[in-house]
$ cat structure_23.cif   # mmCIF, C-alpha atoms
data_data
#
loop_
_atom_site.label_atom_id
_atom_site.label_comp_id
_atom_site.auth_asym_id
_atom_site.auth_seq_id
_atom_site.Cartn_x
_atom_site.Cartn_y
_atom_site.Cartn_z
CA ALA A 1088 -3.86 -6.67 39.05
CA ARG A 1089 -4.06 -3.44 37.04
CA CYS A 1090 -1.06 -2.62 34.84
CA SER A 1091 0.41 0.76 35.58
CA PRO A 1092 0.58 3.04 32.52
CA HIS A 1093 3.97 4.17 33.74
CA PRO A 1094 5.74 1.16 35.30
CA VAL A 1095 8.51 1.85 37.76
CA LEU A 1096 11.81 0.85 36.17
CA PRO A 1097 14.93 -0.13 38.09
CA PRO A 1098 17.60 2.55 38.21
CA PRO A 1099 20.14 2.35 35.37
CA PRO A 1100 23.57 0.96 36.13
CA PRO A 1101 26.27 3.51 36.86
CA PRO A 1102 28.20 4.67 33.78
CA PRO A 1103 31.63 3.15 33.17
CA PRO A 1104 34.63 5.25 34.12
CA PRO A 1105 35.68 7.65 31.34
CA LEU A 1106 38.44 6.61 29.01
CA PRO A 1107 41.61 8.68 28.73
CA PRO A 1108 41.08 11.52 26.22
CA ALA A 1109 43.53 10.14 23.67
CA THR A 1110 41.90 6.70 23.73
CA GLN A 1111 38.39 8.16 23.40
CA LEU A 1112 39.47 10.34 20.46
CA GLY A 1113 40.90 7.32 18.65
CA ILE A 1114 37.68 5.34 19.14
CA ASN A 1115 35.52 8.23 17.85
CA ARG A 1116 37.67 8.67 14.73
CA SER A 1117 37.61 4.93 13.99
CA ALA A 1118 33.83 4.74 14.43
CA ASN A 1119 33.29 7.79 12.22
CA ARG A 1120 35.48 6.37 9.47
CA SER A 1121 33.66 3.01 9.58
CA ALA A 1122 30.23 4.64 9.49
CA GLN A 1123 31.21 6.90 6.58
CA MET A 1124 32.58 3.97 4.56
CA LEU A 1125 29.43 1.93 5.19
CA LEU A 1126 27.07 4.74 4.22
CA LYS A 1127 29.07 5.47 1.05
CA SER A 1128 28.63 1.84 0.03
CA VAL A 1129 24.88 2.08 0.61
CA HIS A 1130 24.63 5.31 -1.38
CA ARG A 1131 26.41 3.74 -4.35
CA LEU A 1132 24.04 0.77 -4.41
CA ALA A 1133 20.69 2.42 -3.66
CA ARG A 1134 18.50 4.03 -6.32
CA PRO A 1135 18.34 7.83 -6.04
CA SER A 1136 14.54 7.77 -5.95
CA LEU A 1137 14.69 5.50 -2.91
CA LEU A 1138 17.30 7.61 -1.17
CA VAL A 1139 15.07 10.65 -0.99
CA ALA A 1140 12.02 8.73 0.18
CA ALA A 1141 10.52 9.69 3.53
CA GLY A 1142 13.24 12.24 4.23
CA THR A 1143 15.92 9.61 4.89
CA PHE A 1144 18.18 7.20 3.07
CA ALA A 1145 16.62 3.77 2.68
CA GLY A 1146 20.03 2.15 3.08
CA GLU A 1147 20.76 4.10 6.25
CA ALA A 1148 17.38 3.07 7.66
CA ALA A 1149 18.24 -0.56 6.99
CA LEU A 1150 21.62 -0.15 8.68
CA ARG A 1151 19.90 1.20 11.76
CA GLY A 1152 17.43 -1.70 11.79
CA LEU A 1153 14.47 0.55 10.93
CA SER A 1154 11.64 -0.50 8.65
CA GLN A 1155 11.02 1.72 5.66
CA PRO A 1156 7.69 3.60 5.94
CA ALA A 1157 4.94 2.85 3.43
CA SER A 1158 4.76 6.58 2.69
CA VAL A 1159 6.31 9.82 3.80
CA CYS A 1160 3.21 10.45 5.93
CA GLU A 1161 4.56 7.87 8.39
CA SER A 1162 7.61 10.05 8.99
CA ALA A 1163 7.93 13.47 10.54
CA ALA A 1164 9.31 14.91 7.29
CA ALA A 1165 6.08 15.10 5.27
CA PRO A 1166 6.38 18.04 2.84
CA GLN A 1167 3.62 20.52 2.09
CA LEU A 1168 2.47 19.85 -1.48
CA THR A 1169 0.35 21.92 -3.87
CA MET A 1170 -0.46 20.67 -7.37
CA ILE A 1171 -0.98 23.60 -9.75
CA TYR A 1172 -2.87 22.71 -12.92
CA PHE A 1173 -5.74 23.56 -15.19
CA PRO A 1174 -9.17 21.93 -14.77
CA VAL A 1175 -8.38 19.09 -17.18
CA ARG A 1176 -7.91 15.33 -16.90
CA ALA A 1177 -4.33 15.14 -18.11
CA LEU A 1178 -0.74 15.01 -16.88
CA ALA A 1179 -1.39 15.68 -13.18
CA GLU A 1180 -3.56 12.57 -12.77
CA PRO A 1181 -0.80 9.96 -12.31
CA ALA A 1182 0.90 12.03 -9.61
CA ARG A 1183 -2.40 12.56 -7.82
CA MET A 1184 -3.14 8.83 -7.93
CA ILE A 1185 0.28 8.08 -6.44
CA LEU A 1186 -0.27 10.56 -3.62
CA GLU A 1187 -3.76 9.20 -2.98
CA PHE A 1188 -2.43 5.64 -2.89
CA GLY A 1189 0.18 6.61 -0.30
CA GLY A 1190 -2.19 8.74 1.75
CA VAL A 1191 0.11 11.72 1.19
CA ALA A 1192 -1.61 15.05 1.88
CA TYR A 1193 -1.66 17.64 -0.92
CA GLU A 1194 -3.76 20.49 -2.26
CA ASP A 1195 -4.97 21.27 -5.78
CA ALA A 1196 -4.85 24.83 -7.09
CA SER A 1197 -5.48 26.61 -10.37
CA PRO A 1198 -2.85 29.06 -11.70
CA GLN A 1199 -5.13 31.92 -10.63
CA GLN A 1200 -5.36 30.54 -7.10
CA ALA A 1201 -1.63 29.88 -6.89
CA TYR A 1202 -0.33 33.12 -8.40
CA GLY A 1203 -3.20 35.55 -7.96
CA VAL A 1204 -3.23 36.40 -11.68
CA PRO A 1205 -4.50 34.67 -14.86
CA TRP A 1206 -2.27 32.01 -16.42
CA LYS A 1207 -1.12 34.28 -19.25
CA ASP A 1208 0.36 36.60 -16.64
CA ALA A 1209 1.69 33.79 -14.43
CA LYS A 1210 3.27 31.76 -17.22
CA ASP A 1211 6.62 33.54 -17.24
CA LYS A 1212 6.88 33.13 -13.47
CA THR A 1213 7.09 29.34 -13.80
CA PRO A 1214 10.33 27.43 -14.56
CA PHE A 1215 9.42 26.42 -18.14
CA GLY A 1216 6.13 28.19 -18.83
CA GLN A 1217 4.20 24.93 -18.47
CA LEU A 1218 1.87 23.10 -16.13
CA PRO A 1219 1.47 20.92 -14.13
CA LEU A 1220 3.72 22.30 -11.46
CA LEU A 1221 4.16 20.95 -7.92
CA LEU A 1222 5.01 23.23 -5.01
CA VAL A 1223 7.08 21.33 -2.45
CA ASP A 1224 7.34 23.39 0.73
CA GLY A 1225 7.02 26.42 -1.54
CA LYS A 1226 9.68 25.31 -4.03
CA GLU A 1227 8.63 24.79 -7.64
CA LEU A 1228 9.01 21.41 -9.33
CA ALA A 1229 8.12 21.38 -13.02
CA GLN A 1230 7.80 18.74 -15.78
CA ALA A 1231 5.24 15.96 -15.39
CA GLY A 1232 7.76 13.11 -15.37
CA ALA A 1233 9.84 14.73 -12.64
CA ILE A 1234 6.72 15.42 -10.57
CA ILE A 1235 5.51 11.82 -10.91
CA ARG A 1236 8.89 10.37 -9.94
CA TYR A 1237 9.15 12.70 -6.95
CA CYS A 1238 5.68 11.70 -5.76
CA ALA A 1239 6.62 8.04 -6.17
CA ALA A 1240 9.68 8.61 -3.98
CA LEU A 1241 7.30 9.72 -1.23
CA VAL A 1242 5.58 6.32 -1.39
CA PRO A 1243 8.37 3.71 -1.21
CA ALA A 1244 5.92 0.83 -1.52
CA LEU A 1245 5.45 1.84 -5.18
CA VAL A 1246 9.19 1.90 -6.01
CA PRO A 1247 10.93 -1.40 -6.78
CA ALA A 1248 14.09 -2.00 -4.77
CA GLU A 1249 15.75 -4.40 -7.20
CA PRO A 1250 17.59 -2.47 -9.97
CA LEU A 1251 16.27 -4.44 -12.94
CA GLU A 1252 12.69 -4.31 -11.67
CA ALA A 1253 13.11 -0.58 -11.08
CA ALA A 1254 14.33 -0.16 -14.67
CA ARG A 1255 11.37 -2.19 -15.91
CA CYS A 1256 9.07 0.17 -14.04
CA ASP A 1257 10.73 3.09 -15.84
CA MET A 1258 10.32 1.20 -19.13
CA ILE A 1259 6.57 0.82 -18.66
CA PHE A 1260 6.29 4.48 -17.68
CA GLU A 1261 8.09 5.62 -20.85
CA ALA A 1262 6.00 3.29 -23.02
CA ALA A 1263 2.82 4.67 -21.44
CA ARG A 1264 3.96 8.21 -22.20
CA GLU A 1265 3.96 7.38 -25.89
CA LEU A 1266 0.18 7.69 -25.54
CA ASP A 1267 0.33 11.25 -24.14
CA ALA A 1268 -1.23 12.64 -27.33
CA VAL A 1269 -4.57 11.43 -25.98
CA ASN A 1270 -4.61 14.22 -23.37
CA PRO A 1271 -5.26 17.25 -25.60
CA ILE A 1272 -7.73 15.20 -27.64
CA VAL A 1273 -9.82 14.62 -24.51
CA ASN A 1274 -9.37 18.10 -23.04
CA VAL A 1275 -8.71 20.66 -25.78
CA PHE A 1276 -9.55 19.91 -29.42
CA ARG A 1277 -12.96 20.55 -30.93
CA GLY A 1278 -14.77 19.97 -34.19
CA GLU A 1279 -12.70 19.04 -37.25
CA ALA A 1280 -9.42 19.35 -35.34
CA PHE A 1281 -10.76 16.88 -32.77
CA ASP A 1282 -11.81 14.42 -35.48
CA ALA A 1283 -8.42 14.60 -37.20
CA LYS A 1284 -6.39 14.25 -33.99
CA LYS A 1285 -8.53 11.37 -32.75
CA ALA A 1286 -8.19 9.51 -36.05
CA ALA A 1287 -4.39 9.97 -36.04
CA PHE A 1288 -4.17 8.73 -32.44
CA PHE A 1289 -6.15 5.57 -33.11
CA ASP A 1290 -4.13 4.81 -36.25
CA SER A 1291 -1.13 3.91 -34.08
CA PHE A 1292 -2.95 2.95 -30.88
CA PRO A 1293 -3.74 -0.74 -31.69
CA ALA A 1294 -0.07 -1.68 -32.21
CA LYS A 1295 1.02 0.14 -29.04
CA LEU A 1296 -1.80 -1.43 -27.05
CA ALA A 1297 -0.83 -4.91 -28.27
CA ARG A 1298 2.74 -4.41 -27.04
CA LEU A 1299 1.54 -3.13 -23.67
CA ALA A 1300 -0.83 -6.07 -23.36
CA ARG A 1301 2.10 -8.44 -23.97
CA GLN A 1302 4.04 -6.77 -21.16
CA LEU A 1303 1.09 -7.19 -18.80
CA ARG A 1304 0.72 -10.82 -19.82
CA GLU A 1305 4.41 -11.54 -19.25
CA SER A 1306 4.35 -9.82 -15.85
CA GLU A 1307 1.71 -12.36 -14.70
CA GLY A 1308 -0.08 -9.29 -13.34
CA PRO A 1309 -2.48 -7.99 -12.61
CA PHE A 1310 -0.13 -4.99 -12.61
CA SER A 1311 2.67 -4.19 -15.04
CA CYS A 1312 5.42 -5.40 -12.68
CA GLY A 1313 3.57 -8.30 -11.08
CA ALA A 1314 1.17 -8.74 -8.21
CA ALA A 1315 1.71 -5.34 -6.54
CA PRO A 1316 1.09 -1.88 -8.03
CA ARG A 1317 4.08 0.28 -8.97
CA TRP A 1318 4.23 3.98 -9.73
CA CYS A 1319 4.36 3.37 -13.49
CA ASP A 1320 0.94 1.70 -13.36
CA PHE A 1321 -0.79 5.02 -12.71
CA MET A 1322 0.68 6.61 -15.83
CA LEU A 1323 -0.37 3.59 -17.88
CA TYR A 1324 -3.84 3.56 -16.37
CA HIS A 1325 -4.35 7.26 -16.98
CA ASN A 1326 -3.58 7.23 -20.70
CA LEU A 1327 -5.52 4.02 -21.32
CA ASP A 1328 -8.47 5.44 -19.41
CA ASN A 1329 -8.42 8.59 -21.54
CA ALA A 1330 -8.31 6.43 -24.67
CA ARG A 1331 -11.36 4.62 -23.31
CA LEU A 1332 -13.14 7.96 -22.92
CA LEU A 1333 -12.75 8.48 -26.67
CA GLU A 1334 -13.63 4.89 -27.66
CA PRO A 1335 -15.34 2.88 -24.89
CA ALA A 1336 -14.42 -0.44 -26.55
CA ALA A 1337 -10.78 0.53 -27.20
CA LEU A 1338 -9.36 -1.95 -24.64
CA ASP A 1339 -11.82 -4.81 -25.09
CA ALA A 1340 -9.59 -7.01 -27.26
CA TYR A 1341 -7.13 -7.71 -24.44
CA PRO A 1342 -8.34 -9.40 -21.25
CA GLU A 1343 -5.03 -8.66 -19.48
CA VAL A 1344 -5.55 -4.95 -20.12
CA ARG A 1345 -9.10 -5.09 -18.78
CA THR A 1346 -7.82 -6.98 -15.72
CA PHE A 1347 -5.13 -4.36 -15.20
CA MET A 1348 -7.62 -1.50 -15.39
CA ALA A 1349 -9.94 -3.21 -12.92
CA ALA A 1350 -7.05 -3.88 -10.52
CA VAL A 1351 -6.04 -0.20 -10.46
CA GLU A 1352 -9.66 0.83 -10.00
CA ALA A 1353 -9.96 -1.49 -6.99
CA THR A 1354 -6.79 -0.24 -5.29
CA PRO A 1355 -7.51 1.21 -1.80
CA ARG A 1356 -7.75 5.01 -1.70
CA VAL A 1357 -7.25 5.19 -5.48
CA ALA A 1358 -10.72 3.71 -5.92
CA GLU A 1359 -12.25 6.50 -3.85
CA PHE A 1360 -10.26 9.12 -5.73
CA LEU A 1361 -11.41 7.84 -9.13
CA GLN A 1362 -15.03 8.00 -8.03
CA ALA A 1363 -14.74 11.50 -6.57
CA ARG A 1364 -12.68 13.30 -9.23
CA PRO A 1365 -14.31 15.64 -11.77
CA LYS A 1366 -15.63 13.99 -14.93
CA PRO A 1367 -14.81 15.10 -18.51
CA VAL A 1368 -17.90 16.17 -20.44
CA ASP A 1369 -18.67 17.40 -23.97
CA ILE A 1370 -15.44 15.91 -25.36
CA GLY A 1371 -14.83 17.13 -28.92
CA THR A 1372 -17.39 19.95 -28.76
CA LYS A 1373 -16.88 22.02 -25.60
CA PRO A 1374 -14.55 19.94 -23.43
CA MET A 1375 -14.47 20.68 -19.71
CA LEU A 1376 -14.65 19.00 -16.33
CA GLU A 1377 -17.80 18.68 -14.28
CA PRO A 1378 -17.42 20.25 -11.78
CA ASN A 1379 -14.95 22.56 -13.53
CA VAL A 1380 -12.26 22.59 -10.82
CA PRO A 1381 -8.56 21.59 -10.97
CA GLY A 1382 -8.98 18.64 -8.58
CA ILE A 1383 -10.75 17.20 -5.55
CA ARG A 1384 -8.25 18.70 -3.08
CA VAL A 1385 -8.91 22.35 -3.86
CA LYS A 1386 -8.49 24.43 -0.72
CA LYS A 1387 -11.85 25.69 0.53
#
$ encode --input "structure_23.cif" --output "structure tokens"
Amino acid sequence: ARCSPHPVLPPPPPPPPPLPPATQLGINRSANRSAQMLLKSVHRLARPSLLVAAGTFAGEAALRGLSQPASVCESAAAPQLTMIYFPVRALAEPARMILEFGGVAYEDASPQQAYGVPWKDAKDKTPFGQLPLLLVDGKELAQAGAIIRYCAALVPALVPAEPLEAARCDMIFEAARELDAVNPIVNVFRGEAFDAKKAAFFDSFPAKLARLARQLRESEGPFSCGAAPRWCDFMLYHNLDNARLLEPAALDAYPEVRTFMAAVEATPRVAEFLQARPKPVDIGTKPMLEPNVPGIRVKK
């Protein structure tokens, strides 16, 4: 027999007789008070970054028996995102990798494309006169760390639920940011300034890399917080990858670091992004990206 796409259901039972108004009012007030107390408890316990994820409170979703989506794209509340940045491989990369991992739609734009004027004329229109900047439904979000954490909140699978693990993720992120000086060396400096900045960076890099390698080893990896990737891993990968652009053998002394890099590079959707993104060329002489565009999601 063929199954009907719209099976005929039995009629619903008749509704119960209405309660007296006073009784109904008392029930409503009691239910509202109970729900408010329960949600307040959830809000106190849940991490703020989890509460904003997917346009709903994670704790409230659990109370309703709903599973938390892997990314905001699985909800109806997906924001419209535009990443505004220069054509460089620098502080927008971790946020892009997070969005790619979660399958979250976004666009890349240069300052000229976003504001219709050169950066020198657009600079004072931005919150702090800096890029990157993320437009979220037209609202400006500045500062790379804030942008990365917001993007992570859109991909709950990357955000640890347990408080200590979440703090450890923050710890790795902050440690990775101690390598941020590598970004202008790859993208900006030339000639003697490049040589001096590169030498200064690699003076302190071996000790920092050794500490990061120990963290990866203790996590039992391949990622910094264990077997699954977390949002901090993309910041760590980015700065180590830029260091590798300057010195191809910079990471070779630590097998756990090499394993970590390979694990990120094999991550679904991130792997495709890493292959497709523009490549830095002429580092130290005339640094630029090839092709010289702000990202792979530039609006056509």
$ resolve_selection --input "structure_23.cif" --expression "the PyMOL selection byres ((chain A and resi 1185) around 8)" --output "PyMOL selection string"
chain A and resi 1181-1184+1186-1189+1235+1238-1239+1242+1318+1321
$ closest_residue --input "structure_23.cif" --among "A:Ser1197, A:Ser1311, A:Thr1213, A:Asn1274" --to "A:Val1351" --atoms "all atoms listed in the file"
A:Ser1311
$ closest_residue --input "structure_23.cif" --among "A:Met1322, A:Ala1280, A:Ala1229, A:Ile1272" --to "A:Phe1260" --atoms "all atoms listed in the file"
A:Met1322
$ resolve_selection --input "structure_23.cif" --expression "the PyMOL selection byres ((chain A and resi 1275) around 12)" --output "number ranges by chain"
A: 1173-1177, 1268-1274, 1276-1278, 1280-1282, 1284-1285, 1367-1376
$ closest_residue --input "structure_23.cif" --among "A:Ala1287, A:Asp1195, A:Leu1178, A:Gln1167" --to "A:Tyr1324" --atoms "all atoms listed in the file"
A:Leu1178
$ closest_residue --input "structure_23.cif" --among "A:Asp1328, A:Glu1307, A:Asp1320, A:Glu1279" --to "A:Glu1343" --atoms "only C-alpha atoms"
A:Glu1307
